[in-house]
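Enquirer: Here it is: the structure, laid out below.
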Amino acid sequence: LTDLIAVAAPIGLFLGRIANFINTELFGRPTDFFISVIYPKIDNIPRHPSQLYEALFEGVILFIILIICFFKLRDLGYGFISGLFLSLYGVFRFVIEFLREPDLHLGLYFNYISMGQILSIPLFIFGIILIVKNGRKRVN
């Protein structure tokens, strides 16, 4: 059941990140990168559209990878797709968090890592555990 849910989850993640972009939530850090957005509600500084990066990676790319694996690698065992979802989501989130403005009430830990990155680490670890543990069990 979790493998089926994992394949569908990126669709919800994609729509949620697009809603974050429309509502000017979870915006990125200031940048001079050619792909930048000015959020008039926040300030007039060009910023990374981190919501769109997350929609692309956690939504579109993750969905494509999972749907291909779901149909091509079904014999790897129950839990493989779930583990792949958790591990890839954790990696994508961890990396993109470097481009996102940290939450004001949380800030950065050790002046470098955000709460989103800290919470992504257990996702990645649990995903790898699922892949290794359940990947050994072959589906008949």
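In the structure tokens, chains take letters A, B, ... by order of appearance, with residues numbered from 1 within each chain and ligands from 1 in the order shown.
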As an MDAnalysis selection string, please: the residues near stretch 16-26 of chain A (cut-off 12 Å, only C-alpha atoms, same-chain neighbours under 3 positions excluded).
Expert: chainID A and resid 9:13 29 37:43 47:60 93 96:97 99:104 116
Enquirer: Would you list, as number ranges by chain, the residues of stretch 15-137 of chain A that end up in strand (DSSP E or B) under DSSP run on this structure's backbone?
Expert: A: 28, 30, 37-38, 46-47, 100, 109, 113
Enquirer: For the selection you just gave me, I'd like the residues written to a file as a CSV table (one decimal), in the first residue's frame, keeping C-alpha atoms.
Expert:
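Wrote result27.csv, looks like this:
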chain,number,residue,atom,x,y,z
A,28,GLY,CA,14.1,31.6,-1.4
A,30,PRO,CA,18.4,36.7,-2.2
A,37,VAL,CA,11.7,36.3,-8.6
A,38,ILE,CA,10.8,39.6,-6.9
A,46,PRO,CA,15.4,39.2,-6.4
A,47,ARG,CA,15.2,35.8,-4.7
A,100,ARG,CA,15.5,28.7,0.7
A,109,TYR,CA,21.5,25.6,13.5
A,113,ILE,CA,21.8,23.9,8.6
Enquirer: Looking at only C-alpha atoms, which of A:Ile64, A:Val95, A:Leu119, A:Val7 is the one that sits closest to A:Gly79?
Expert: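 Closest to A:Gly79, using only C-alpha atoms: A:Val7.
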Enquirer: Would you kindly return, as a list of chain:residue names, each protein, DNA or RNA residue with an atom no farther than 9 Å from any atom of A:Gly83, considering only C-alpha atoms and excluding same-chain residues fewer than 6 positions away?
Expert: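 Answer for this query is A:Asp3, A:Ala6, A:Leu123, A:Phe124, A:Phe126, A:Gly127, A:Ile128, A:Ile129, A:Leu130, A:Ile131, A:Val132, A:Asn134.
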Enquirer: Please, which residues of chain A, numbered as in this document, come out helix (DSSP H, G or I) from DSSP, as an MDAnalysis selection string?
Expert: chainID A and resid 2:22 50:72 74:76 80:99 115:135
Enquirer: With distances taken over only C-alpha atoms, which of A:Ser120, A:Tyr78, A:Phe98, A:Met115 is nearest to A:Lys133?
Expert: A:Tyr78
Enquirer: For the atom pair atom CA of A:Phe85 and atom CA of A:Ile35, what is the interatomic distance in Å to one decimal place?
Expert: 27.5 Å
